[in-house]
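To start, the structure itself, in structure tokens.
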Amino acid sequence: MEQNKEKLTGLYIGNPKRETARPTAEILLAAFKEITLFLIEVKNEVYAHLTALSPLQQRILVLLGFPTTIYTQLGGQSFTPE
């Protein structure tokens with residue numbers, strides 16, 4: 001981010017317009033704290049549902065070099081519990 005002169009906004013609670021080019025790991029992780037995972041068992045199959053990523057969360061994944069599909073592919077999966 002620093003090399004490309006990019007900055008992220010929305011990371012700081014209470015100051016959503018504050019920008020940073022060098023966010024800490026703690027601040028980045030805090031941006032993902034509102035994620036909810038639901039596991040629902042139906043007829044011996046378990047289905048996973050995840051809340052949608054916010055634009056900020058999607059941007060963070062891209063900046064870290066991860067495709068957003070590492071998150072989105074988890075939702076809707078089913079598996080048989082052991």
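Just so we're on the same page: first chain in the structure tokens is A, next is B, and so on; residues restart at 1 for each chain, and ligands are numbered from 1 in the order they show up.
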
Residues at most 7 Å from Ala21 of chain A, counting only C-alpha atoms, excluding those fewer than 4 positions away in the same chain, as a list in words?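 These residues fall inside the cut-off: Met1, Glu2, Glu6, Lys7 and Leu8 of chain A.
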
So that I can check the secondary structure, give me every residue of segment 14-73 of chain A assigned strand (DSSP E) by backbone DSSP, as number ranges by chain. A: 19-20, 37-42, 45-50

Print the selection's residues with N, CA and C atoms to a file, as a short mmCIF file (atom, residue, chain, number, x, y, z; two decimals), in the first residue's frame.
data_model
loop_
_atom_site.label_atom_id
_atom_site.label_comp_id
_atom_site.auth_asym_id
_atom_site.auth_seq_id
_atom_site.Cartn_x
_atom_site.Cartn_y
_atom_site.Cartn_z
N GLU A 19 -7.60 7.82 7.39
CA GLU A 19 -6.88 7.00 6.41
C GLU A 19 -5.56 6.53 6.98
N THR A 20 -5.11 5.39 6.48
CA THR A 20 -3.78 4.89 6.85
C THR A 20 -3.20 4.09 5.70
N LEU A 37 -20.75 -16.97 11.30
CA LEU A 37 -20.85 -18.27 10.64
C LEU A 37 -22.02 -19.02 11.24
N PHE A 38 -22.95 -19.43 10.40
CA PHE A 38 -24.06 -20.26 10.83
C PHE A 38 -23.85 -21.66 10.30
N LEU A 39 -23.98 -22.65 11.15
CA LEU A 39 -23.94 -24.04 10.72
C LEU A 39 -25.32 -24.63 11.00
N ILE A 40 -25.95 -25.16 9.96
CA ILE A 40 -27.30 -25.69 10.07
C ILE A 40 -27.29 -27.13 9.63
N GLU A 41 -27.77 -28.02 10.51
CA GLU A 41 -27.83 -29.43 10.17
C GLU A 41 -29.23 -29.80 9.72
N VAL A 42 -29.32 -30.39 8.53
CA VAL A 42 -30.59 -30.84 7.97
C VAL A 42 -30.38 -32.23 7.38
N GLU A 45 -26.86 -33.57 7.05
CA GLU A 45 -25.92 -32.75 6.31
C GLU A 45 -25.84 -31.40 7.01
N VAL A 46 -24.64 -30.85 7.06
CA VAL A 46 -24.43 -29.56 7.69
C VAL A 46 -24.15 -28.52 6.60
N TYR A 47 -24.90 -27.44 6.66
CA TYR A 47 -24.73 -26.35 5.70
C TYR A 47 -24.13 -25.15 6.41
N ALA A 48 -23.19 -24.50 5.75
CA ALA A 48 -22.53 -23.33 6.31
C ALA A 48 -23.03 -22.08 5.60
N HIS A 49 -23.30 -21.05 6.39
CA HIS A 49 -23.69 -19.76 5.83
C HIS A 49 -22.85 -18.68 6.51
N LEU A 50 -22.23 -17.83 5.72
CA LEU A 50 -21.41 -16.74 6.23
C LEU A 50 -22.04 -15.40 5.85
#

Counting only C-alpha atoms, the residue of A:Asn15, A:Ala31, A:Asn44, A:Thr9 that sits nearest Leu61 of chain A: A:Ala31

Separating atom CA of Phe32 of chain A from atom CA of Arg18 of chain A, to the nearest tenth of an Å, is a gap of 17.8 Å

What parts of segment 1-80 of chain A does DSSP call helix (DSSP H, G or I)? I'd like the answer as number ranges by chain. A: 25-30, 55-63, 69-72

Atom CA of Ile35 of chain A to atom CA of Leu64 of chain A: how many Å, to one decimal?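 Separation of atom CA of Ile35 of chain A and atom CA of Leu64 of chain A: 18.1 Å.
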